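Have a look at the structure below before the remarks.
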Amino acid sequence: MQDDFKYSDECFADIQLLRYRLNGFENLSARQKTLIYYLSRATLCGRDITTDQFGKYNLRIRKMLEVVFCEYKGDRNQADFKALEVYLKRLWFSNGIYHHYGCEKFKPEFSEDFLKATILSIDASKFPLKEGETRENLCDELLPVIFDPTILPKRVNKAADEDIVKTSACNFYEGVSQKEVEDYYAAKKQLPDNGMPPSYGLNSKLVKHNGILKEVKYSASGLYSEAIKHIVFWLQKAKEVAENDQQKKVVELLITYYESGDLHIFDEYSIEWLKEQQGLVDFINGFIEVYGDPLGLKGSWEGIVEYKDLDATKRTRTISENAQWFEDHSPVDPAFRKKEVKGVTANVICATMLGGDEYPSTAIGINLPNAEWIREQYGSKSVTIGNLTDAYNKAAHGNGFRAEFVIDKATNDLIDKYGDVCDDLHTDLHECLGHGSGQLLKGTDADALKAYGNTIEEARADLFGLYYIADKKLIELGLITDEKAYQSQYYTYMMNGLLTQLVRIKPGNQIEEAHMRNRALIAHWALDINPKVVDIVKRDGKSFVRINDYKALRQIFGEELKEIQRIKSEGDFEAAKSLVEFYAVKVDLELHQEILGRYKALNIAPYKGFINPRMTPIMDEKGNITDVSLDYTESYEHQMLRYSDEYGFL
């Protein structure tokens, strides 16, 4: 690959776009490249599903605005049009009209009159109108959703003591209340399951018609059928070039699941996916993570294709091979530890294509499957996405962030020396072991923590990583060479949880996203347990985190982990609610204003996302793929419009 690879691309609103490169792709076999190509097409076919799940008007608004953007004949440099362009780019980035992290509805900076006049000036045949629908009807339906801040204002609402189903704009429910949803799935869980309960509600929309609750399944013959049929088409082609029989079996089961919508088959697929360890290529495709549902039940569609970075994977393999040692030495109550850790595997991977809820904004580590009984009986598979982490690090080099927010040169030097290594290690520990550690007590409902479950689970995994990154076991295993290296991670984590993640919050708002709540919970709780260990100090009118005793901070993280695991294992909803609401939600207004002002002066976008490489198959005279070329130059605008054209199945 070229040394002058351009990691950073355009910026708009609060977003910076990056590119990631596929190191070593040229060394893969033609069969492996063909498999990646087919799986990548399957990954892009689900884009419209995610957009629709994130709001019932999202797809209609996107299609309407794309027509306006492409067909507008006026001055494209005038303020209203430029503002519309930014709005559309934000919509693409978030798979809808709600912020991908904060979940609040975007405020348009262009006028309603401008948009309506523009729509009415464009040939009606250009718009995807329903039968009998006019452009005026389209405006009457969609413009209030865009411009009225009181209509469906929040995609995911987690405010305590509100009906978080009725007040969330996500498109997982229709005509139902929070209590009705909870009662419906509580009744499902009373069904006999032999200790192997399916993830009820994961792949369906719950609706109420004529007073009757009904699940509408996502499948090739149900909801989202047109997109799912195309996913299945490319999976069928991928199956024929699988690297081994187990990989082929995994793809076959996923196809059967998509065709039937049967969650028992999804569980079977998940187990077989865990067993597939020999192939270099792997993928995730389906309704997986539940962060987009206020109740943490419904899976958002996502996809990612990857291949192993064999050199970097030595690090994660070392961790996973010692999983039992970490579990046995955990500070949590022995009753909540696993007596036998099973099937923990971990790889550092190179992402080749991102889709759905993993695109353009994506995770840097993934641990699956999420079903507790599968994790306990069969284990879990973790990935750390090395080429994305590398892109983040390259793009952040020299941006002035640490110089502004780190307390002194000595700490900055420590972070400069060990920050990237310890970031990777913390991600590895979080994904490889943290999510797979501990166990529920017999009879504890995996969904007992309800709206607080995601935050508690992320806090559990983060605390596991924080506790063990300071352990001498890592030096013994050869993962770090300096026993003080962990201090770089402790400082940046506390700085983020107490101060710098506030740049992602709008003035006057509280913290709602699960990962942000998790970090705030851990950091503010630690501050409260012993302010002599860590505190916030003022220097020249600026706030800084000061850690006075790193070893004592590790013990605090151990105390927190012990209690968080107890809450998880016992399903203690009230304790979860109390911790989250007290430590993880509220924002100090004065501190917030200070951090925002300091950050603004740096001119850094607080959120990052990725542009996918464009893949083009190279064919021989018989139509067989002999190679796949990669293009890293496609613009964000072109990629998004191309995806809408090529993968707009809904």
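Lettering and numbering for the structure tokens are positional, with chains as A, B, ... in the shown order, residues counted from 1 in each chain, and ligands counted from 1 in the shown order.
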Inset, instruction - Excluding Val145 of chain A and residues on its chain fewer than 2 positions from it, collect all residues at most 12 Å away from it, counting only C-alpha atoms, and give them as number ranges by chain. - result: A: 55-58, 60-61, 96-98, 105-108, 112, 138-143, 147-154, 169
Using C-alpha atoms, can you export the residues from the last selection as an mmCIF file, in the first residue's frame?
data_model
loop_
_atom_site.group_PDB
_atom_site.id
_atom_site.type_symbol
_atom_site.label_atom_id
_atom_site.label_comp_id
_atom_site.auth_asym_id
_atom_site.auth_seq_id
_atom_site.Cartn_x
_atom_site.Cartn_y
_atom_site.Cartn_z
ATOM 1 C CA GLY A 55 -37.413 6.104 12.305
ATOM 2 C CA LYS A 56 -40.581 5.443 10.307
ATOM 3 C CA TYR A 57 -40.107 8.544 8.100
ATOM 4 C CA ASN A 58 -36.358 8.222 7.571
ATOM 5 C CA ARG A 60 -39.068 8.751 2.733
ATOM 6 C CA ILE A 61 -37.191 11.843 3.889
ATOM 7 C CA GLY A 96 -31.840 8.858 9.563
ATOM 8 C CA ILE A 97 -32.806 12.274 10.892
ATOM 9 C CA TYR A 98 -31.556 11.622 14.434
ATOM 10 C CA LYS A 105 -33.566 15.088 15.926
ATOM 11 C CA PHE A 106 -31.459 17.287 13.652
ATOM 12 C CA LYS A 107 -32.393 20.945 13.504
ATOM 13 C CA PRO A 108 -32.483 22.053 9.840
ATOM 14 C CA GLU A 112 -39.225 25.217 5.241
ATOM 15 C CA LEU A 138 -45.368 14.616 0.242
ATOM 16 C CA CYS A 139 -44.662 18.026 1.765
ATOM 17 C CA ASP A 140 -47.690 17.808 4.055
ATOM 18 C CA GLU A 141 -46.495 14.450 5.398
ATOM 19 C CA LEU A 142 -42.752 14.965 5.734
ATOM 20 C CA LEU A 143 -42.028 18.647 6.270
ATOM 21 C CA PHE A 147 -39.173 21.177 10.931
ATOM 22 C CA ASP A 148 -41.445 20.788 13.970
ATOM 23 C CA PRO A 149 -39.186 20.060 16.980
ATOM 24 C CA THR A 150 -42.118 18.629 18.961
ATOM 25 C CA ILE A 151 -42.872 15.830 16.468
ATOM 26 C CA LEU A 152 -40.909 12.643 17.221
ATOM 27 C CA PRO A 153 -38.030 14.610 18.776
ATOM 28 C CA LYS A 154 -35.870 11.696 19.989
ATOM 29 C CA ALA A 169 -39.115 7.610 17.559
#
Legend entry - Spatial neighbours of Glu289 of chain A, max dist 10 Å, only C-alpha atoms, sep filter under 5 positions, as a PyMOL selection string: chain A and resi 202+296-302+357+368-370+454
Legend entry - Neighbour list for Trp92 of chain A as number ranges by chain, cut-off 12 Å, only C-alpha atoms, skip fewer than 4 positions in-chain: A: 15, 47-48, 50-51, 54, 58-59, 61-63, 65-66, 85-88, 96-100, 356-357, 359-361, 609-611, 636-644
With N, CA, C and O atoms retained, could you export that selection as a compact mmCIF listing (two decimals), in the first residue's frame?
# COMPACT_ATOMS: atom_id res chain seq x y z
N ILE A 15 -18.75 16.12 12.44
CA ILE A 15 -18.27 14.84 11.93
C ILE A 15 -17.03 15.01 11.06
O ILE A 15 -16.96 15.92 10.24
N ARG A 47 -28.71 -1.79 4.08
CA ARG A 47 -28.64 -0.37 4.48
C ARG A 47 -30.01 0.23 4.75
O ARG A 47 -30.24 0.90 5.76
N ASP A 48 -30.97 -0.01 3.86
CA ASP A 48 -32.30 0.58 4.02
C ASP A 48 -33.03 0.05 5.25
O ASP A 48 -33.88 0.74 5.83
N THR A 50 -31.73 -0.66 8.24
CA THR A 50 -31.29 0.13 9.40
C THR A 50 -31.93 1.51 9.39
O THR A 50 -32.41 1.99 10.42
N THR A 51 -31.93 2.15 8.24
CA THR A 51 -32.52 3.48 8.13
C THR A 51 -33.98 3.47 8.53
O THR A 51 -34.45 4.36 9.25
N PHE A 54 -34.55 3.04 12.31
CA PHE A 54 -34.20 4.20 13.12
C PHE A 54 -35.24 5.31 13.06
O PHE A 54 -35.05 6.36 13.67
N ASN A 58 -37.74 8.02 8.02
CA ASN A 58 -36.36 8.22 7.57
C ASN A 58 -36.15 7.96 6.08
O ASN A 58 -35.52 8.76 5.38
N LEU A 59 -36.65 6.83 5.61
CA LEU A 59 -36.43 6.48 4.21
C LEU A 59 -37.11 7.45 3.26
O LEU A 59 -36.53 7.87 2.25
N ILE A 61 -37.89 10.56 3.84
CA ILE A 61 -37.19 11.84 3.89
C ILE A 61 -35.88 11.76 3.13
O ILE A 61 -35.53 12.67 2.35
N ARG A 62 -35.13 10.68 3.31
CA ARG A 62 -33.86 10.53 2.59
C ARG A 62 -34.06 10.56 1.09
O ARG A 62 -33.36 11.29 0.36
N LYS A 63 -35.01 9.79 0.61
CA LYS A 63 -35.25 9.72 -0.83
C LYS A 63 -35.70 11.08 -1.38
O LYS A 63 -35.28 11.49 -2.46
N LEU A 65 -35.01 14.08 -0.12
CA LEU A 65 -33.91 15.04 -0.10
C LEU A 65 -32.84 14.69 -1.13
O LEU A 65 -32.17 15.59 -1.66
N GLU A 66 -32.65 13.42 -1.42
CA GLU A 66 -31.69 13.05 -2.46
C GLU A 66 -32.14 13.56 -3.83
O GLU A 66 -31.31 14.01 -4.62
N GLU A 85 -27.53 20.58 2.13
CA GLU A 85 -26.47 19.60 1.83
C GLU A 85 -25.89 19.02 3.11
O GLU A 85 -25.70 17.79 3.23
N VAL A 86 -25.63 19.86 4.09
CA VAL A 86 -25.10 19.38 5.38
C VAL A 86 -26.12 18.48 6.07
O VAL A 86 -25.77 17.43 6.62
N TYR A 87 -27.38 18.88 6.03
CA TYR A 87 -28.45 18.08 6.66
C TYR A 87 -28.50 16.69 6.04
O TYR A 87 -28.60 15.67 6.74
N LEU A 88 -28.43 16.62 4.71
CA LEU A 88 -28.50 15.33 4.03
C LEU A 88 -27.27 14.48 4.35
O LEU A 88 -27.39 13.27 4.56
N GLY A 96 -30.57 8.24 9.21
CA GLY A 96 -31.84 8.86 9.56
C GLY A 96 -31.68 10.27 10.06
O GLY A 96 -30.57 10.83 10.06
N ILE A 97 -32.77 10.85 10.53
CA ILE A 97 -32.81 12.27 10.89
C ILE A 97 -32.47 12.53 12.36
O ILE A 97 -32.69 13.63 12.87
N TYR A 98 -31.92 11.50 13.02
CA TYR A 98 -31.56 11.62 14.43
C TYR A 98 -30.05 11.42 14.61
O TYR A 98 -29.45 10.57 13.95
N HIS A 99 -29.47 12.20 15.49
CA HIS A 99 -28.03 12.11 15.72
C HIS A 99 -27.64 10.68 16.09
O HIS A 99 -28.28 10.05 16.92
N HIS A 100 -26.57 10.18 15.48
CA HIS A 100 -26.19 8.78 15.66
C HIS A 100 -25.78 8.47 17.09
O HIS A 100 -25.83 7.31 17.51
N GLY A 356 -24.94 -0.98 7.46
CA GLY A 356 -26.02 -0.83 8.43
C GLY A 356 -25.61 -0.03 9.65
O GLY A 356 -25.04 1.07 9.53
N ASP A 357 -25.86 -0.58 10.83
CA ASP A 357 -25.56 0.12 12.08
C ASP A 357 -24.05 0.19 12.35
O ASP A 357 -23.64 0.78 13.34
N TYR A 359 -22.05 1.48 9.96
CA TYR A 359 -21.54 2.35 8.89
C TYR A 359 -22.40 3.60 8.80
O TYR A 359 -23.63 3.50 8.88
N PRO A 360 -21.77 4.76 8.65
CA PRO A 360 -20.34 5.07 8.61
C PRO A 360 -19.66 5.06 9.99
O PRO A 360 -18.47 4.88 10.08
N SER A 361 -20.45 5.26 11.06
CA SER A 361 -19.88 5.19 12.41
C SER A 361 -19.85 3.74 12.84
O SER A 361 -20.83 3.02 12.68
N GLY A 609 -16.23 8.86 11.37
CA GLY A 609 -16.86 7.76 10.66
C GLY A 609 -16.06 7.46 9.41
O GLY A 609 -15.08 8.17 9.09
N PHE A 610 -16.46 6.43 8.68
CA PHE A 610 -15.63 5.92 7.59
C PHE A 610 -16.33 5.89 6.25
O PHE A 610 -17.54 5.67 6.16
N ILE A 611 -15.51 6.10 5.21
CA ILE A 611 -15.92 5.86 3.83
C ILE A 611 -15.39 4.48 3.45
O ILE A 611 -14.21 4.18 3.66
N TYR A 636 -17.49 10.76 -0.33
CA TYR A 636 -18.61 10.41 0.56
C TYR A 636 -19.95 10.63 -0.15
O TYR A 636 -20.83 9.76 -0.13
N GLU A 637 -20.09 11.77 -0.80
CA GLU A 637 -21.33 12.08 -1.50
C GLU A 637 -21.63 11.04 -2.58
O GLU A 637 -22.75 10.53 -2.68
N HIS A 638 -20.63 10.71 -3.37
CA HIS A 638 -20.83 9.74 -4.45
C HIS A 638 -21.17 8.37 -3.89
O HIS A 638 -22.05 7.67 -4.41
N GLN A 639 -20.47 7.98 -2.81
CA GLN A 639 -20.73 6.66 -2.23
C GLN A 639 -22.15 6.55 -1.69
O GLN A 639 -22.85 5.55 -1.92
N MET A 640 -22.61 7.59 -1.02
CA MET A 640 -23.95 7.55 -0.45
C MET A 640 -25.03 7.54 -1.52
O MET A 640 -26.00 6.78 -1.43
N LEU A 641 -24.86 8.34 -2.54
CA LEU A 641 -25.84 8.34 -3.63
C LEU A 641 -25.80 7.03 -4.41
O LEU A 641 -26.84 6.52 -4.84
N ARG A 642 -24.61 6.48 -4.58
CA ARG A 642 -24.48 5.19 -5.27
C ARG A 642 -25.15 4.08 -4.47
O ARG A 642 -25.88 3.24 -5.02
N TYR A 643 -24.94 4.07 -3.16
CA TYR A 643 -25.58 3.06 -2.32
C TYR A 643 -27.10 3.19 -2.37
O TYR A 643 -27.82 2.18 -2.41
N SER A 644 -27.60 4.43 -2.38
CA SER A 644 -29.05 4.63 -2.46
C SER A 644 -29.59 4.09 -3.77
O SER A 644 -30.71 3.54 -3.83
Inset, instruction - Rounded to one decimal place, report the atom CA of Ile288 of chain A-atom CA of Asn612 of chain A distance in Å. - result: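 Separation of atom CA of Ile288 of chain A and atom CA of Asn612 of chain A: 20.8 Å.
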Inset, instruction - Would you kindly return, as a ChimeraX atom specification, each protein, DNA or RNA residue with an atom no farther than 10 Å from any atom of Ala459 of chain A, considering only C-alpha atoms and excluding same-chain residues fewer than 6 positions away? - result: /A:430,434-435,453,465,514-522,560-561,564-565
Would you mind listing, for every residue of segment 171-203 of chain A within 8 Å of segment 162-165 of chain A, the two atoms forming the shortest contact and the distance between them in Å to one decimal, using only C-alpha atoms, sorted by chain and ascending residue number, as JSON lines?
{"residue": "A:Tyr173", "atom": "CA", "partner": "A:Val165", "partner_atom": "CA", "distance": 7.4}
{"residue": "A:Val176", "atom": "CA", "partner": "A:Val165", "partner_atom": "CA", "distance": 7.5}
{"residue": "A:Ser177", "atom": "CA", "partner": "A:Val165", "partner_atom": "CA", "distance": 5.9}
{"residue": "A:Gln178", "atom": "CA", "partner": "A:Val165", "partner_atom": "CA", "distance": 5.0}
Write out as a Markdown table a residue-level contact list of segment 507-591 of chain A versus segment 405-411 of chain A with cut-off 7 Å: for each qualifying residue the closest pair of atoms and the distance in Å to one decimal, counting only C-alpha atoms, rows sorted by chain and residue number upward.
| residue | atom | partner | partner_atom | distance |
| --- | --- | --- | --- | --- |
| A:Phe544 | CA | A:Ile407 | CA | 5.6 |
| A:Val545 | CA | A:Ile407 | CA | 6.6 |
| A:Arg546 | CA | A:Ile407 | CA | 6.9 |
Any chance you can output those residues with N, CA, C and O atoms as a PDB file, in the first residue's frame?
ATOM      1  N   PHE A 544      -8.792  20.235  34.967  1.00  0.00           N
ATOM      2  CA  PHE A 544      -7.985  19.080  34.586  1.00  0.00           C
ATOM      3  C   PHE A 544      -8.241  17.937  35.558  1.00  0.00           C
ATOM      4  O   PHE A 544      -8.489  18.161  36.749  1.00  0.00           O
ATOM      5  N   VAL A 545      -8.153  16.720  35.052  1.00  0.00           N
ATOM      6  CA  VAL A 545      -8.182  15.551  35.921  1.00  0.00           C
ATOM      7  C   VAL A 545      -6.795  15.378  36.525  1.00  0.00           C
ATOM      8  O   VAL A 545      -5.783  15.491  35.831  1.00  0.00           O
ATOM      9  N   ARG A 546      -6.771  15.096  37.824  1.00  0.00           N
ATOM     10  CA  ARG A 546      -5.510  14.802  38.513  1.00  0.00           C
ATOM     11  C   ARG A 546      -5.653  13.454  39.211  1.00  0.00           C
ATOM     12  O   ARG A 546      -6.569  13.260  40.014  1.00  0.00           O
TER      13      ARG A 546
END
Which residues are close to Ala605 of chain A, i.e. within 7 Å by only C-alpha atoms, leaving aside same-chain residues fewer than 2 positions away? Reply as a PDB file with N, CA and C atoms, in the first residue's frame.
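Listing of selection_12.pdb after writing:
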ATOM      1  N   ASP A  14     -20.546  18.088  13.070  1.00  0.00           N
ATOM      2  CA  ASP A  14     -19.649  17.638  14.134  1.00  0.00           C
ATOM      3  C   ASP A  14     -18.925  16.350  13.748  1.00  0.00           C
ATOM      4  N   ILE A  15     -18.752  16.119  12.440  1.00  0.00           N
ATOM      5  CA  ILE A  15     -18.273  14.838  11.932  1.00  0.00           C
ATOM      6  C   ILE A  15     -17.031  15.007  11.059  1.00  0.00           C
ATOM      7  N   GLN A  16     -16.082  14.115  11.249  1.00  0.00           N
ATOM      8  CA  GLN A  16     -14.933  14.001  10.355  1.00  0.00           C
ATOM      9  C   GLN A  16     -14.960  12.610   9.728  1.00  0.00           C
ATOM     10  N   ASN A 603     -10.823  23.198  16.841  1.00  0.00           N
ATOM     11  CA  ASN A 603     -11.393  22.925  15.518  1.00  0.00           C
ATOM     12  C   ASN A 603     -11.289  21.442  15.152  1.00  0.00           C
ATOM     13  N   TYR A 607     -16.877  13.573  16.388  1.00  0.00           N
ATOM     14  CA  TYR A 607     -17.280  12.250  15.906  1.00  0.00           C
ATOM     15  C   TYR A 607     -16.553  11.912  14.619  1.00  0.00           C
TER      16      TYR A 607
END
Inset, instruction - Quote the spacing between atom CA of Val344 of chain A and atom CA of Leu425 of chain A in Å to one decimal place. - result: 16.1 Å
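Across the structure, atom CA of Gln555 of chain A and atom CA of Glu476 of chain A are spaced 20.4 Å apart.
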Inset, instruction - Go through segment 153-391 of chain A and collect every residue that DSSP, computed from the backbone, puts in strand (DSSP E or B); the answer should be as number ranges by chain. - result: A: 154, 173-174, 204-209, 212-218, 223, 281-287, 301-308, 344-356, 365-368, 380-385
